[in-house]
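Below: one structure, written as structure tokens.
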Amino acid sequence: MVSQLIQDSAIYIYFQPIVSIRSAKVIGVEALMRAHDKHNEPLSPIFVFDQAKKEHLSFELDKYARTKALETFKPLLDANKELLLFLNFESHLLDSKISFDDFAFCSLANDFGIPPSHIVIEIKEYQIEDTERLKQFCDFYKDRGFLIALDDFGAGNANFDRISTVRPHIVKVDRSLVFNVHLNFIHKEILKSIANMCFNIGALVLAEGVEEEEEILRSLKLDIDLFQGFWFARPSATIFDKALVDEKITHIGARHTQNVKSSMQRKEILIESAKAYTHAIIETITQKHQPDLFAFLKEFEIIEAIYCIDAQTGIQEGNTIISADTNEFFQPARNGDNHALKEYFYITKESKRGNYLSQKYISRASGRMCRTFAQKFAHEGKESILCLDLKVQTL
């Protein structure tokens with residue numbers, strides 16, 4: 001069947017744009033294979049590639065599809081000299097002992113007059129058993145000027161170690177992690193971890209399969225800038241509607257900018273509110289011999305816990321006053337516990353402002369997400385730090 005498809009020229013190339021929000025433009029297109037049977041009915045690409053495996057024609061099909069992709073891409077590159085071609089590679093072929101030269105990326109690119117620096121070779125690393133051969137393949141083509149992307153990362157048995165081993169230029173995060181990321185705290189944290197690892201080794205992160213506006217906005221908040229998916233444009237045999245894609249990029253950019261401004265405003269309001277809470281609590285502590293701090297937990301619902309630390313030693317003074325239920329694993333700190341290595345202690349201690357609002361973290365007291373606002377104050381001839389654990393939403 002596969003031989004017949006090739007012989008009948010029944011294999012086509014569709015393109016889907018890849019956009020950068022911060023650059024406000026389409027930076028590339030992914031070439032996607034499509035095929036039709038003798039009745040002109042569409043065939044699933046997965047079915048065609050599976051059939052090629054059965055017929056021992058994977059290499060031939062892969063090379064034919066790449067050739068068609070390069071041929072079809074050349075006019076687009078002529079029109080936009082900055083455009084990148086994202087080109088899929090049948091990754092399981094790497095576990096065979098085919099020579100890297102036989103894959104013919106170099107010769108094919110040269111035949112069509114396409115610089116290697118404009119071709120991104122996409123590899124599904126989880127389909128490759130031999131890590132060393134994967135690294136050798138990537139190094140071989142990187143040395144010749146090609147860009148390397150790990151495709152569908154997070155699907156299957158994705159291996160985080162391989163990101164640092166291969167050091168790709170781009171990591172394409174699988175749709176399964178991006179789907180409803182704005183509603184899924186676990187996926188958000190996994191996506192954040194992948195993004196942080198990639199940034200640390202100099203790789204860009206691309207969110208694949210975005211279909212919802214909020215998925216894009218949440219990914220942008222995690223500093224992910226490259227996107228591909230139906231929300232921007234579906235794969236098409238004709239060139240995508242550039243005006244429409246540009247309009248969507250502008251829309252998302254404006255919404256992201258507004259979200260950043262709103263986030264900054266909310267943080268400023270939170271800090272000012274926290275200052276007011278601490279002022280009232282400090283005033284009570286300094287004026288009363290046995291202040292009733294539980295009253296503040298009732299008055300200010302956002303406060304989950306209140307405790308004081310010696311500003312010199314980091315040792316807690318008295319037990320934590322907490323509103324949340326606790327269990328054997330999550331327990332509030334007690335009188336005499338040491339906070340000296342906690343960020344909110346040593347930054348507040350050294351800060352000229354005398355206060356600090358931490359990033360979000362999981363409270364060891366309750367197991368819930370919180371932020372700690374710490375305020376330095378003087379009482380009875382010594383300096384202490386009042387800490388308020390503030391409840392936050394997980395998304």
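Labels used: A, B, ... for chains in the order of the structure tokens, numbers from 1 for residues in each chain, and numbers from 1 for ligands as shown.
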For Gln228 (chain A): contacts at 6 Å, only C-alpha atoms, fewer than 2 positions along chain excluded, given as a PyMOL selection string: chain A and resi 18+208-209
All residues 8 Å or closer to region 123-137 of chain A, only C-alpha atoms, same chain fewer than 6 positions away omitted, as a ChimeraX atom specification: /A:88-92,94-95,100,148-153,155-159,162,165-166
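The residue that comes closest to Ile21 (chain A), out of A:Gly367, A:Gly253, A:Gly202, A:Pro235 and on the basis of only C-alpha atoms, is A:Gly253.
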Distance query region 38-47 of chain A at most 10 Å, only C-alpha atoms, self and fewer than 5 positions along chain excluded, as a PyMOL selection string: chain A and resi 4-5+8+10-11+32-33+52-53
Export of prior selection with N, CA and C atoms as a compact mmCIF listing (two decimals), in the first residue's frame:
# COMPACT_ATOMS: atom_id res chain seq x y z
N GLN A 4 2.43 2.06 -3.24
CA GLN A 4 1.44 2.58 -4.18
C GLN A 4 1.15 4.05 -3.92
N LEU A 5 1.08 4.42 -2.63
CA LEU A 5 0.84 5.83 -2.28
C LEU A 5 1.96 6.71 -2.83
N ASP A 8 1.76 6.81 -6.66
CA ASP A 8 0.62 7.59 -7.15
C ASP A 8 0.68 9.06 -6.73
N ALA A 10 0.21 10.22 -3.87
CA ALA A 10 -0.98 10.42 -3.04
C ALA A 10 -0.62 10.90 -1.64
N ILE A 11 0.60 11.37 -1.47
CA ILE A 11 1.06 11.90 -0.18
C ILE A 11 1.28 13.40 -0.35
N LEU A 32 3.40 18.56 8.00
CA LEU A 32 2.62 17.41 8.45
C LEU A 32 2.18 16.61 7.23
N MET A 33 2.46 15.31 7.26
CA MET A 33 2.12 14.46 6.13
C MET A 33 0.63 14.12 6.12
N ALA A 52 3.63 1.36 7.00
CA ALA A 52 5.00 1.38 6.46
C ALA A 52 5.92 0.47 7.28
N LYS A 53 5.71 0.46 8.60
CA LYS A 53 6.50 -0.44 9.45
C LYS A 53 6.25 -1.90 9.07
Distance query Asp102 (chain A) at most 12 Å, only C-alpha atoms, self and fewer than 5 positions along chain excluded, as a PyMOL selection string: chain A and resi 59-60+62-63+93-94+96-97+107-108+137
Write the residues you've just listed into a file as a compact mmCIF listing (two decimals), in the first residue's frame, and include C-alpha atoms for each of them.
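Final file, result19.txt:
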# COMPACT_ATOMS: atom_id res chain seq x y z
CA PHE A 59 12.77 4.67 5.83
CA GLU A 60 11.45 5.10 2.29
CA ASP A 62 10.09 9.04 5.87
CA LYS A 63 12.54 10.19 3.20
CA LEU A 93 14.65 4.49 12.77
CA LEU A 94 17.49 5.69 15.00
CA SER A 96 18.39 0.76 13.47
CA LYS A 97 22.00 1.06 12.41
CA SER A 107 21.95 16.51 0.80
CA LEU A 108 18.21 17.12 0.54
CA PHE A 137 22.49 11.78 15.92
Distance query Glu350 (chain A) at most 12 Å, only C-alpha atoms, self and fewer than 4 positions along chain excluded, as a list of chain:residue names: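 Everything that qualifies: A:Ala311, A:Gln312, A:Glu343, A:Tyr344, A:Phe345, A:Tyr346, A:Gly354, A:Asn355, A:Tyr356, A:Ala374, A:Gln375, A:Lys376, A:Ile385.
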Store the residues picked out above in a file with N, CA and C atoms, as a compact mmCIF listing (two decimals), in the first residue's frame.
# COMPACT_ATOMS: atom_id res chain seq x y z
N ALA A 311 14.74 38.04 65.46
CA ALA A 311 15.34 38.63 64.26
C ALA A 311 16.83 38.38 64.16
N GLN A 312 17.48 37.97 65.24
CA GLN A 312 18.91 37.71 65.20
C GLN A 312 19.22 36.24 64.97
N GLU A 343 13.91 31.65 53.52
CA GLU A 343 14.09 32.87 52.74
C GLU A 343 13.43 34.08 53.39
N TYR A 344 12.20 33.89 53.87
CA TYR A 344 11.50 35.03 54.43
C TYR A 344 12.14 35.55 55.71
N PHE A 345 12.97 34.72 56.38
CA PHE A 345 13.68 35.20 57.56
C PHE A 345 14.90 36.02 57.17
N TYR A 346 15.82 35.42 56.40
CA TYR A 346 17.09 36.12 56.18
C TYR A 346 16.95 37.32 55.25
N GLY A 354 12.58 46.17 55.86
CA GLY A 354 12.18 45.44 57.06
C GLY A 354 11.00 44.53 56.85
N ASN A 355 10.64 44.26 55.56
CA ASN A 355 9.55 43.31 55.30
C ASN A 355 9.80 42.57 53.99
N TYR A 356 9.04 41.50 53.79
CA TYR A 356 9.25 40.67 52.61
C TYR A 356 8.01 39.80 52.37
N ALA A 374 6.54 38.73 56.01
CA ALA A 374 7.33 38.89 57.24
C ALA A 374 7.62 40.36 57.47
N GLN A 375 7.47 40.80 58.72
CA GLN A 375 7.68 42.21 59.08
C GLN A 375 8.54 42.29 60.34
N LYS A 376 9.64 43.02 60.25
CA LYS A 376 10.51 43.21 61.41
C LYS A 376 9.94 44.29 62.31
N ILE A 385 10.63 39.21 64.23
CA ILE A 385 10.00 39.22 62.91
C ILE A 385 8.64 38.55 63.04
Within 12 Å of region 265-269 of chain A using only C-alpha atoms, minus same-chain residues under 5 positions, as a ChimeraX atom specification: /A:258-260,274-276,356-360,371,373,392
Spatial neighbours of region 77-84 of chain A, max dist 8 Å, only C-alpha atoms, sep filter under 3 positions, as a PyMOL selection string: chain A and resi 26-29+73-74+118-120
Per-residue DSSP, region 2-219 of chain A, filtered to helix (DSSP H, G or I), as an MDAnalysis selection string: chainID A and resid 2:7 45:54 58:79 91:95 100:103 105:112 116:118 125:127 131:143 160:166 175:178 185:200 213:219
